[in-house]
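work-v9.txt (compact mmCIF, C-alpha atoms) appears below.
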```txt
# COMPACT_ATOMS: atom_id res chain seq x y z
CA MET A 290 0.00 0.00 0.00
CA SER A 291 3.03 2.27 0.38
CA VAL A 292 2.91 2.85 -3.39
CA PHE A 293 0.12 5.38 -2.74
CA ASN A 294 2.00 7.42 -0.13
CA ASP A 295 3.05 10.19 -2.51
CA ASN A 296 -0.16 10.17 -4.56
CA LYS A 297 -3.32 12.21 -4.18
CA GLY A 298 -6.35 10.20 -3.12
CA VAL A 299 -9.97 10.78 -2.18
CA LEU A 300 -12.47 8.71 -0.19
CA PHE A 301 -15.87 7.94 -1.66
CA SER A 302 -18.06 6.86 1.28
CA ASP A 303 -21.17 7.61 3.30
CA LEU A 304 -18.93 9.11 5.99
CA ALA A 305 -17.38 11.57 3.54
CA ILE A 306 -20.83 12.58 2.28
CA THR A 307 -22.02 13.07 5.86
CA GLU A 308 -19.06 15.38 6.54
CA LEU A 309 -20.07 17.56 3.59
CA ILE A 310 -23.68 17.66 4.82
CA GLU A 311 -22.44 18.75 8.26
CA LYS A 312 -20.32 21.47 6.65
CA GLU A 313 -23.29 22.74 4.63
CA HIS A 314 -25.48 22.72 7.74
CA LYS A 315 -22.86 24.60 9.78
CA HIS A 316 -22.08 27.29 7.18
CA GLN A 317 -25.48 27.40 5.42
CA SER A 318 -23.63 26.72 2.19
CA ILE A 319 -23.79 24.50 -0.88
CA GLU A 320 -20.55 22.53 -1.10
CA ILE A 321 -21.32 20.67 -4.32
CA PRO A 322 -22.67 22.97 -7.05
CA ASN A 323 -25.66 21.50 -8.87
CA SER A 324 -28.16 22.66 -11.46
CA GLU A 325 -30.96 22.88 -8.88
CA ASN A 326 -28.82 24.85 -6.38
CA ARG A 327 -29.92 22.52 -3.57
CA PRO A 328 -27.97 21.49 -0.46
CA LEU A 329 -26.82 17.88 -0.37
CA HIS A 330 -29.19 16.70 2.37
CA THR A 331 -32.25 17.48 0.21
CA PHE A 332 -31.28 14.82 -2.35
CA SER A 333 -32.02 11.11 -2.03
CA SER A 334 -29.18 8.81 -0.97
CA GLY A 335 -28.61 7.63 -4.53
CA GLU A 336 -28.60 11.15 -5.96
CA ARG A 337 -26.12 12.24 -3.29
CA ARG A 338 -23.73 9.53 -4.40
CA LYS A 339 -23.89 10.59 -8.04
CA LEU A 340 -23.18 14.22 -7.11
CA PHE A 341 -20.40 13.24 -4.73
CA LEU A 342 -18.64 11.14 -7.36
CA GLU A 343 -18.57 14.17 -9.68
CA TYR A 344 -17.13 16.17 -6.77
CA CYS A 345 -14.42 13.55 -6.17
CA LEU A 346 -13.41 13.37 -9.83
CA ALA A 347 -13.22 17.17 -10.07
CA GLN A 348 -10.29 17.00 -7.62
CA ASN A 349 -8.23 15.05 -10.19
CA PRO A 350 -7.06 12.34 -7.79
CA ASP A 351 -4.46 9.65 -8.54
CA TYR A 352 -6.61 7.08 -6.76
CA ILE A 353 -10.07 6.75 -5.18
CA ILE A 354 -11.09 4.53 -2.28
CA PHE A 355 -14.67 3.36 -2.92
CA ASP A 356 -16.40 2.26 0.29
CA ASN A 357 -19.37 0.11 -0.79
CA PRO A 358 -20.00 2.27 -3.89
CA PHE A 359 -23.21 0.49 -4.96
CA ASP A 360 -25.12 1.11 -1.72
CA HIS A 361 -28.33 3.18 -2.13
CA LEU A 362 -28.35 2.78 -5.93
CA ASP A 363 -31.10 1.26 -8.08
CA GLN A 364 -30.17 -1.34 -10.69
CA THR A 365 -29.94 1.15 -13.57
CA SER A 366 -27.63 3.40 -11.54
CA ARG A 367 -25.51 0.42 -10.45
CA THR A 368 -25.00 -0.63 -14.06
CA ALA A 369 -24.08 2.92 -15.08
CA LEU A 370 -21.65 3.26 -12.14
CA TYR A 371 -19.99 -0.06 -12.98
CA LYS A 372 -19.35 1.10 -16.55
CA GLN A 373 -18.01 4.43 -15.25
CA LEU A 374 -15.66 2.73 -12.77
CA LEU A 375 -14.42 0.37 -15.47
CA GLU A 376 -13.56 3.37 -17.65
CA LEU A 377 -11.93 5.20 -14.71
CA SER A 378 -9.77 2.18 -13.92
CA HIS A 379 -7.79 2.86 -17.13
CA SER A 380 -6.66 6.28 -15.87
CA LEU A 381 -6.49 6.06 -12.06
CA SER A 382 -6.15 3.47 -9.32
CA ILE A 383 -9.27 2.12 -7.65
CA LEU A 384 -9.43 0.59 -4.18
CA GLN A 385 -12.76 -0.93 -3.22
CA LEU A 386 -14.16 -1.86 0.19
CA ALA A 387 -17.15 -4.21 0.21
CA HIS A 388 -19.21 -6.06 2.80
CA GLN A 389 -20.23 -8.80 0.39
CA GLU A 390 -17.99 -10.71 -2.02
CA GLU A 391 -20.52 -10.54 -4.86
CA SER A 392 -20.24 -6.73 -4.78
CA LEU A 393 -16.53 -6.75 -5.67
CA LEU A 394 -15.68 -5.24 -9.04
CA PRO A 395 -14.59 -8.10 -11.34
CA PHE A 396 -11.84 -6.06 -13.01
CA ILE A 397 -9.99 -5.57 -9.70
CA LYS A 398 -7.35 -8.32 -9.69
CA ASN A 399 -6.01 -8.13 -6.12
CA LYS A 400 -8.69 -9.13 -3.62
CA TYR A 401 -8.20 -9.62 0.11
CA ASN A 402 -10.17 -10.09 3.28
CA VAL A 403 -9.76 -7.89 6.36
CA THR A 404 -10.85 -9.50 9.62
CA GLU A 405 -12.81 -7.48 12.17
CA ASN A 406 -10.78 -4.96 14.21
CA SER A 407 -7.67 -5.79 12.20
CA PHE A 408 -5.71 -4.35 9.28
CA VAL A 409 -4.20 -7.73 8.41
CA LEU A 410 -4.89 -8.76 4.81
CA SER A 411 -5.65 -12.41 4.10
CA GLU A 412 -6.70 -14.41 1.07
CA ILE A 413 -10.43 -14.45 0.35
CA LYS A 414 -11.79 -17.94 0.90
CA THR A 415 -15.15 -19.32 -0.09
CA THR A 416 -17.52 -18.80 2.82
CA ILE A 417 -20.59 -20.76 3.79
CA GLN A 418 -23.69 -18.60 3.58
CA PRO A 419 -25.31 -18.02 6.98
CA ASN A 420 -28.49 -19.97 7.62
CA ALA A 421 -31.51 -18.05 8.88
CA SER A 422 -32.68 -21.10 10.81
CA ASN A 423 -29.77 -20.59 13.22
CA HIS A 424 -31.57 -17.53 14.61
CA LYS A 425 -34.34 -18.19 17.13
CA PHE A 426 -36.11 -15.02 18.20
CA ASP A 427 -38.14 -14.64 21.33
CA PHE A 428 -39.07 -10.95 21.22
CA PRO A 429 -39.17 -9.17 24.59
CA SER A 430 -42.66 -8.16 25.69
CA SER A 431 -43.52 -4.55 24.90
CA LEU A 432 -43.56 -1.89 27.62
CA VAL A 433 -45.71 0.37 25.44
CA SER A 434 -49.38 -0.53 24.94
CA PHE A 435 -50.86 0.08 21.48
CA LYS A 436 -54.31 -1.44 21.93
CA GLU A 437 -56.15 0.76 19.45
CA ARG A 438 -57.12 -0.83 16.15
CA TYR A 439 -56.97 1.27 12.98
CA GLU A 440 -59.01 0.80 9.84
CA THR A 441 -56.45 2.75 7.81
CA LEU A 442 -52.88 3.43 8.93
CA ILE A 443 -51.98 5.44 5.84
CA LYS A 444 -54.09 6.90 3.07
CA PHE A 445 -52.91 9.26 0.33
CA HIS A 446 -55.52 10.66 -2.05
CA ASN A 447 -54.17 12.56 -5.07
CA VAL A 448 -51.16 13.80 -3.09
CA SER A 449 -48.68 16.00 -5.00
CA VAL A 450 -45.43 17.56 -3.80
CA ASN A 451 -43.21 20.15 -5.49
CA TYR A 452 -39.95 21.71 -4.33
CA GLU A 453 -39.43 25.21 -5.75
CA GLU A 454 -41.62 24.37 -8.75
CA GLN A 455 -39.75 21.08 -9.29
CA PRO A 456 -42.42 18.30 -9.26
CA ILE A 457 -41.50 15.34 -7.05
CA VAL A 458 -44.66 13.21 -6.84
CA LYS A 459 -47.99 13.66 -8.64
CA ASN A 460 -51.49 12.52 -7.62
CA ILE A 461 -50.33 9.69 -5.36
CA CYS A 462 -53.11 7.36 -4.17
CA TRP A 463 -51.97 4.74 -1.65
CA LYS A 464 -53.78 2.93 1.16
CA VAL A 465 -52.08 0.85 3.86
CA LYS A 466 -54.10 -1.23 6.33
CA GLN A 467 -53.08 -2.60 9.71
CA GLY A 468 -50.91 -5.73 9.65
CA GLU A 469 -49.86 -5.40 5.99
CA PHE A 470 -46.28 -5.78 4.76
CA TRP A 471 -45.43 -3.33 1.96
CA GLN A 472 -42.33 -2.81 -0.14
CA LEU A 473 -41.90 0.70 -1.54
CA ILE A 474 -39.80 0.72 -4.70
CA GLY A 475 -38.72 3.21 -7.35
CA PRO A 476 -35.50 4.52 -8.92
CA ASN A 477 -33.21 7.04 -7.27
CA GLY A 478 -34.88 10.45 -7.00
CA SER A 479 -38.41 9.11 -7.59
CA GLY A 480 -39.74 10.48 -4.28
CA LYS A 481 -39.60 7.51 -1.88
CA SER A 482 -38.01 9.59 0.89
CA THR A 483 -40.59 12.33 0.27
CA LEU A 484 -43.47 9.88 0.84
CA LEU A 485 -41.86 8.59 4.04
CA SER A 486 -41.42 12.13 5.39
CA LEU A 487 -45.10 12.85 4.69
CA ILE A 488 -46.01 9.81 6.82
CA THR A 489 -43.70 10.56 9.74
CA GLY A 490 -44.75 14.22 9.94
CA ASP A 491 -41.29 15.57 9.11
CA ASN A 492 -42.44 17.24 5.89
CA PRO A 493 -44.51 20.44 6.21
CA LYS A 494 -45.80 19.92 2.66
CA ALA A 495 -48.15 17.27 4.08
CA PHE A 496 -50.49 19.99 5.32
CA GLY A 497 -53.14 20.90 2.80
CA GLU A 498 -52.88 17.47 1.17
CA ALA A 499 -55.48 14.68 1.53
CA ILE A 500 -53.44 12.48 3.87
CA THR A 501 -54.83 10.25 6.64
CA ILE A 502 -52.48 8.74 9.25
CA PHE A 503 -53.81 6.36 11.94
CA ASP A 504 -57.42 7.13 10.93
CA ARG A 505 -56.92 10.88 11.40
CA LYS A 506 -56.74 13.42 8.60
CA LYS A 507 -53.55 15.45 8.59
CA GLY A 508 -54.09 18.85 10.15
CA SER A 509 -57.00 17.77 12.34
CA GLY A 510 -55.20 18.61 15.56
CA GLU A 511 -52.61 15.88 15.99
CA SER A 512 -49.03 16.91 16.76
CA ILE A 513 -45.93 15.50 15.11
CA TRP A 514 -45.20 13.70 18.40
CA ASP A 515 -48.66 12.09 18.41
CA ILE A 516 -47.68 10.52 15.10
CA LYS A 517 -44.08 9.64 15.95
CA LYS A 518 -44.96 7.75 19.13
CA LYS A 519 -46.82 5.19 16.98
CA ILE A 520 -44.01 4.77 14.44
CA GLY A 521 -40.70 2.94 14.56
CA TYR A 522 -38.41 4.45 11.95
CA PHE A 523 -35.06 3.37 10.53
CA SER A 524 -33.06 5.15 7.84
CA THR A 525 -29.38 5.01 6.99
CA ASN A 526 -29.45 8.85 7.11
CA LEU A 527 -30.96 9.00 10.60
CA THR A 528 -27.79 10.11 12.41
CA GLU A 529 -26.25 12.41 9.79
CA LEU A 530 -25.84 15.35 12.19
CA PHE A 531 -25.59 13.30 15.40
CA LYS A 532 -22.26 13.99 17.13
CA ARG A 533 -22.95 13.33 20.80
CA ASN A 534 -21.07 10.64 22.72
CA HIS A 535 -24.03 8.39 23.52
CA THR A 536 -23.53 4.71 24.17
CA VAL A 537 -25.06 1.84 22.21
CA GLU A 538 -27.48 1.20 25.09
CA GLN A 539 -28.51 4.86 25.17
CA MET A 540 -29.18 4.90 21.43
CA VAL A 541 -31.47 1.86 21.73
CA LEU A 542 -33.25 3.41 24.73
CA SER A 543 -33.87 6.61 22.76
CA GLY A 544 -36.41 4.65 20.72
CA PHE A 545 -38.77 4.83 23.70
CA PHE A 546 -38.63 8.63 23.53
CA ASP A 547 -38.63 9.16 19.73
CA SER A 548 -35.33 11.02 19.93
CA ILE A 549 -31.92 10.50 18.34
CA GLY A 550 -29.84 9.94 21.46
CA LEU A 551 -31.03 9.78 25.05
CA TYR A 552 -32.13 13.00 26.79
CA ALA A 553 -34.51 11.57 29.41
CA LYS A 554 -33.90 9.22 32.33
CA PRO A 555 -35.01 5.69 31.39
CA SER A 556 -36.73 3.36 33.85
CA GLY A 557 -35.17 0.13 35.04
CA MET A 558 -37.64 -1.86 32.93
CA GLN A 559 -36.73 0.17 29.83
CA GLN A 560 -33.05 -0.55 30.43
CA GLN A 561 -33.83 -4.25 30.80
CA LYS A 562 -35.72 -4.29 27.48
CA ALA A 563 -32.85 -2.49 25.73
CA LEU A 564 -30.40 -5.16 26.88
CA GLN A 565 -32.77 -7.91 25.76
CA TRP A 566 -32.95 -6.41 22.26
CA LEU A 567 -29.16 -5.96 22.13
CA ASP A 568 -28.85 -9.63 23.06
CA ILE A 569 -30.95 -10.54 20.01
CA ILE A 570 -28.44 -8.85 17.67
CA GLU A 571 -25.51 -10.19 19.73
CA MET A 572 -24.31 -6.73 20.74
CA LYS A 573 -25.06 -6.77 24.46
CA HIS A 574 -21.33 -6.79 25.20
CA LEU A 575 -21.06 -3.43 23.37
CA LYS A 576 -23.72 -1.66 25.45
CA ASN A 577 -21.23 0.86 26.90
CA THR A 578 -19.39 1.48 23.61
CA TYR A 579 -19.91 4.90 22.07
CA PHE A 580 -22.31 4.61 19.15
CA ASN A 581 -20.25 6.94 16.93
CA ARG A 582 -17.23 4.65 17.25
CA LEU A 583 -18.97 1.59 15.85
CA PRO A 584 -18.52 0.51 12.21
CA LEU A 585 -21.40 1.66 10.00
CA GLY A 586 -22.84 -1.85 9.77
CA GLN A 587 -23.12 -2.19 13.55
CA GLN A 588 -24.53 1.34 13.84
CA ARG A 589 -27.33 0.34 11.48
CA LEU A 590 -28.14 -2.79 13.48
CA VAL A 591 -28.43 -0.64 16.61
CA LEU A 592 -30.75 1.80 14.82
CA ILE A 593 -32.96 -1.04 13.58
CA VAL A 594 -33.35 -2.29 17.15
CA ARG A 595 -34.03 1.30 18.25
CA ALA A 596 -36.94 1.39 15.77
CA LEU A 597 -38.27 -1.93 17.08
CA ILE A 598 -38.03 -1.43 20.83
CA LYS A 599 -41.56 0.05 21.20
CA GLN A 600 -43.03 -2.62 18.91
CA PRO A 601 -45.13 0.16 17.34
CA PRO A 602 -48.19 -0.18 15.07
CA LEU A 603 -46.13 1.04 12.10
CA LEU A 604 -42.51 0.16 11.33
CA ILE A 605 -40.71 1.98 8.49
CA LEU A 606 -37.42 0.44 7.33
CA ASP A 607 -35.66 2.57 4.73
CA GLU A 608 -32.90 0.48 3.10
CA PRO A 609 -32.22 -1.65 6.21
CA PHE A 610 -29.73 -3.95 4.43
CA GLU A 611 -27.33 -1.26 3.19
CA GLY A 612 -23.88 -1.64 4.74
CA LEU A 613 -24.56 -5.07 6.28
CA ASP A 614 -22.46 -8.18 5.72
CA PRO A 615 -24.21 -11.44 4.68
CA GLU A 616 -24.62 -12.70 8.26
CA ASN A 617 -26.26 -9.52 9.52
CA THR A 618 -28.36 -9.24 6.34
CA MET A 619 -29.78 -12.68 7.14
CA LEU A 620 -30.29 -11.65 10.77
CA VAL A 621 -32.33 -8.58 9.80
CA SER A 622 -34.29 -10.60 7.20
CA HIS A 623 -35.25 -13.12 9.84
CA LEU A 624 -36.16 -10.34 12.28
CA ILE A 625 -38.57 -8.89 9.72
CA ASN A 626 -40.06 -12.27 8.81
CA THR A 627 -40.64 -13.07 12.48
CA LEU A 628 -42.44 -9.76 12.94
CA VAL A 629 -44.64 -10.49 9.91
CA GLU A 630 -45.52 -13.98 11.16
CA ASN A 631 -46.07 -13.24 14.85
CA THR A 632 -47.27 -9.64 15.20
CA GLN A 633 -49.80 -7.21 13.76
CA ILE A 634 -47.12 -4.57 13.14
CA THR A 635 -47.55 -2.90 9.75
CA ILE A 636 -44.24 -2.77 7.87
CA ILE A 637 -43.12 -0.48 5.04
CA PHE A 638 -39.83 -1.70 3.65
CA VAL A 639 -37.82 0.40 1.16
CA SER A 640 -35.15 -1.19 -0.98
CA HIS A 641 -33.68 -0.94 -4.48
CA THR A 642 -33.06 -4.67 -4.67
CA ILE A 643 -35.22 -7.76 -4.26
CA GLU A 644 -34.30 -9.51 -1.03
CA LYS A 645 -34.96 -13.21 -1.71
CA SER A 646 -35.61 -13.99 1.95
CA LEU A 647 -38.45 -11.43 2.20
CA VAL A 648 -41.90 -11.76 0.63
CA PRO A 649 -43.90 -8.53 1.04
CA SER A 650 -47.66 -8.96 0.65
CA HIS A 651 -47.95 -5.68 -1.32
CA ILE A 652 -45.64 -3.58 -3.53
CA PHE A 653 -46.06 0.12 -4.31
CA GLU A 654 -43.91 1.52 -7.11
CA LEU A 655 -43.06 5.12 -7.92
CA ILE A 656 -42.63 5.75 -11.64
CA PRO A 657 -40.90 9.03 -12.65
CA THR A 658 -42.53 11.30 -15.24
CA GLU A 659 -41.83 14.87 -16.35
CA ASN A 660 -44.63 16.06 -14.05
CA GLY A 661 -43.44 14.12 -10.98
CA SER A 662 -43.54 10.44 -10.05
CA ILE A 663 -46.84 8.63 -10.21
CA GLY A 664 -47.71 5.67 -7.99
CA GLN A 665 -48.71 2.18 -9.00
CA ARG A 666 -49.70 -0.79 -6.85
CA LYS A 667 -47.98 -3.87 -8.29
CA ARG A 668 -49.34 -6.45 -5.87
```

Could you show the structure in this file as structure tokens?
Amino acid sequence: MSVFNDNKGVLFSDLAITELIEKEHKHQSIEIPNSENRPLHTFSSGERRKLFLEYCLAQNPDYIIFDNPFDHLDQTSRTALYKQLLELSHSLSILQLAHQEESLLPFIKNKYNVTENSFVLSEIKTTIQPNASNHKFDFPSSLVSFKERYETLIKFHNVSVNYEEQPIVKNICWKVKQGEFWQLIGPNGSGKSTLLSLITGDNPKAFGEAITIFDRKKGSGESIWDIKKKIGYFSTNLTELFKRNHTVEQMVLSGFFDSIGLYAKPSGMQQQKALQWLDIIEMKHLKNTYFNRLPLGQQRLVLIVRALIKQPPLLILDEPFEGLDPENTMLVSHLINTLVENTQITIIFVSHTIEKSLVPSHIFELIPTENGSIGQRKR
């Protein structure tokens, strides 16, 4: 690796993108010029990556380290990026980091494995795929009672959203009933994150639209916290601006309070439940480790458990498999399947790829048009 010591390199990763978002937030600036003159955090994860790659290449590096470059990208974007990286490999050096062997670029000749907490390189050996049947889940009982039954958890009727005259979604009609398992799909920039923010109450553009959440029409007197307390939410972007030194246990406990990080004193029973959930993902021994010091994959496991700890009526999982190795991907798949089989929790699962171990009962697809994405129920 010493061959790169005197060369100019850049890092293409979620962490580097997050640093730019923090810089924009701090200075109220736009660090990556774009035709829409929008800050980076307003773009979808896939769009951010496309913009960031242009930013990296504009620095004329001798080499680029790509940390899981295909995360957050739909299939069309993955194919386009592969072709671009193949072309770039003729003029600069490429180093790739990947959680899964099948994600490795085939034109990279030197491939090695790095064991956990080590910088020792070893030969990649064929690994046995983890078996979901090895995981036996006995979910802890819930401390939060959600006894109310809802006829309709989510209902959109001809919902349209524009940002500065740029149409995002157009006339969306979508109905989600209690206990259903939905997959939300669509290419990068089609408006998936916009729809999720309308549900969670984080998007002020929901007001004035015909949206019903938990049998109540938006704007009928409910607060954002009335909505959030009934939702468990996971997104890979959840902690973009989170810099506090909170422990793994504290981050899981924050799910009881709908906050990112713990700012209230938990009860003894809440602490007990947090440890039980950490035991399920085999991270109980890391309870006192600072969350920000964990690898991204482990951070995402913690945030998934944080979303689950209330066992809420509605669970939203936005790209839950991004950044996970095969073993933890199977763990999360089995977690979701167990919830589907044994609870009445309604699940909305967002992903660009088809996860073979999951079988959603319904699929809602966003299809881009010049006037904004339209919605189509596929199943």

Original post:
Could you state the separation of CA of Lys459 (chain A) and CA of Asn492 (chain A) in Å, given to one decimal place?
Top reply: 16.0 Å

Original post:
Which residues come within 9 Å of Lys494 (chain A), counting only C-alpha atoms, excluding same-chain residues fewer than 6 positions away, as JSON, numbers by chain?
Top reply: {"A": [450, 451, 487]}

**OP:** For each of A:Asp303, A:Glu538, A:Asp515, A:Glu469, take the minimum atom-to-atom distance to Thr635 (chain A), counting only C-alpha atoms, then give the residue where this is smallest.
**Re:** A:Glu469

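Between CA of Ser431 (chain A) and CA of Thr536 (chain A) there is a distance of 22.0 Å.
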
**OP:** Give me, please, the distance in Å between CA of Glu343 (chain A) and CA of Ala305 (chain A), quoted to one decimal.
**Re:**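 If I compute the distance from CA of Glu343 (chain A) to CA of Ala305 (chain A), I get 13.5 Å.
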
Original post:
Which one is closest to Ser366 (chain A): A:Asn399, A:Thr642, A:Gln587, A:Ser486? Count all atoms listed in the file.
Top reply: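 Between A:Asn399, A:Thr642, A:Gln587, A:Ser486, the residue approaching Ser366 (chain A) most closely is A:Thr642.
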
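Minimum distance to Asp614 (chain A) across A:Glu529, A:Glu630, A:Glu571, A:Glu390 (counting only C-alpha atoms) occurs at A:Glu390.
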
**OP:** Considering only C-alpha atoms, state which residue in the set A:Asp491, A:Cys345, A:Gly521, A:Gly612 is at the smallest distance from Phe359 (chain A).
**Re:**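 Ranked by minimum distance to Phe359 (chain A), first place goes to A:Gly612.
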
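With distances restricted to all atoms listed in the file, A:Ser543 is the closest residue to Ser556 (chain A) from A:Asp504, A:Tyr439, A:Ile516, A:Ser543.
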
Incomplete region 322-347 of chain A filled out to N, CA and C atoms as a tab-separated table (two decimals), keeping the file's coordinate frame:
```
chain	number	residue	atom	x	y	z
A	322	PRO	N	-21.78	22.24	-6.14
A	322	PRO	CA	-22.67	22.97	-7.05
A	322	PRO	C	-23.51	22.00	-7.89
A	323	ASN	N	-24.78	22.33	-8.05
A	323	ASN	CA	-25.66	21.50	-8.87
A	323	ASN	C	-26.67	22.39	-9.56
A	324	SER	N	-27.27	21.86	-10.61
A	324	SER	CA	-28.16	22.66	-11.46
A	324	SER	C	-29.37	23.18	-10.70
A	325	GLU	N	-29.78	22.47	-9.64
A	325	GLU	CA	-30.96	22.88	-8.88
A	325	GLU	C	-30.61	23.78	-7.69
A	326	ASN	N	-29.29	24.00	-7.48
A	326	ASN	CA	-28.82	24.85	-6.38
A	326	ASN	C	-29.41	24.41	-5.04
A	327	ARG	N	-29.37	23.10	-4.81
A	327	ARG	CA	-29.92	22.52	-3.57
A	327	ARG	C	-28.80	22.00	-2.69
A	328	PRO	N	-28.95	22.11	-1.36
A	328	PRO	CA	-27.97	21.49	-0.46
A	328	PRO	C	-28.04	19.97	-0.56
A	329	LEU	N	-26.97	19.32	-0.17
A	329	LEU	CA	-26.82	17.88	-0.37
A	329	LEU	C	-27.88	17.06	0.37
A	330	HIS	N	-28.26	17.51	1.57
A	330	HIS	CA	-29.19	16.70	2.37
A	330	HIS	C	-30.58	16.61	1.77
A	331	THR	N	-30.91	17.50	0.81
A	331	THR	CA	-32.25	17.48	0.21
A	331	THR	C	-32.37	16.46	-0.92
A	332	PHE	N	-31.25	15.84	-1.31
A	332	PHE	CA	-31.28	14.82	-2.35
A	332	PHE	C	-31.44	13.44	-1.72
A	333	SER	N	-31.94	12.49	-2.50
A	333	SER	CA	-32.02	11.11	-2.03
A	333	SER	C	-30.62	10.54	-1.90
A	334	SER	N	-30.50	9.41	-1.19
A	334	SER	CA	-29.18	8.81	-0.97
A	334	SER	C	-28.48	8.49	-2.28
A	335	GLY	N	-29.22	7.97	-3.25
A	335	GLY	CA	-28.61	7.63	-4.53
A	335	GLY	C	-28.15	8.86	-5.29
A	336	GLU	N	-28.97	9.91	-5.27
A	336	GLU	CA	-28.60	11.15	-5.96
A	336	GLU	C	-27.37	11.78	-5.32
A	337	ARG	N	-27.29	11.71	-3.99
A	337	ARG	CA	-26.12	12.24	-3.29
A	337	ARG	C	-24.84	11.58	-3.81
A	338	ARG	N	-24.92	10.27	-3.98
A	338	ARG	CA	-23.73	9.53	-4.40
A	338	ARG	C	-23.29	9.94	-5.80
A	339	LYS	N	-24.23	10.16	-6.69
A	339	LYS	CA	-23.89	10.59	-8.04
A	339	LYS	C	-23.21	11.96	-8.01
A	340	LEU	N	-23.77	12.89	-7.23
A	340	LEU	CA	-23.18	14.22	-7.11
A	340	LEU	C	-21.80	14.17	-6.47
A	341	PHE	N	-21.67	13.31	-5.45
A	341	PHE	CA	-20.40	13.24	-4.73
A	341	PHE	C	-19.30	12.66	-5.60
A	342	LEU	N	-19.65	11.70	-6.46
A	342	LEU	CA	-18.64	11.14	-7.36
A	342	LEU	C	-18.12	12.22	-8.31
A	343	GLU	N	-19.01	13.06	-8.82
A	343	GLU	CA	-18.57	14.17	-9.68
A	343	GLU	C	-17.63	15.09	-8.90
A	344	TYR	N	-17.96	15.33	-7.64
A	344	TYR	CA	-17.13	16.17	-6.77
A	344	TYR	C	-15.74	15.55	-6.58
A	345	CYS	N	-15.70	14.24	-6.36
A	345	CYS	CA	-14.42	13.55	-6.17
A	345	CYS	C	-13.56	13.62	-7.43
A	346	LEU	N	-14.17	13.38	-8.58
A	346	LEU	CA	-13.41	13.37	-9.83
A	346	LEU	C	-12.90	14.76	-10.20
A	347	ALA	N	-13.64	15.79	-9.78
A	347	ALA	CA	-13.22	17.17	-10.07
A	347	ALA	C	-11.92	17.53	-9.36
```
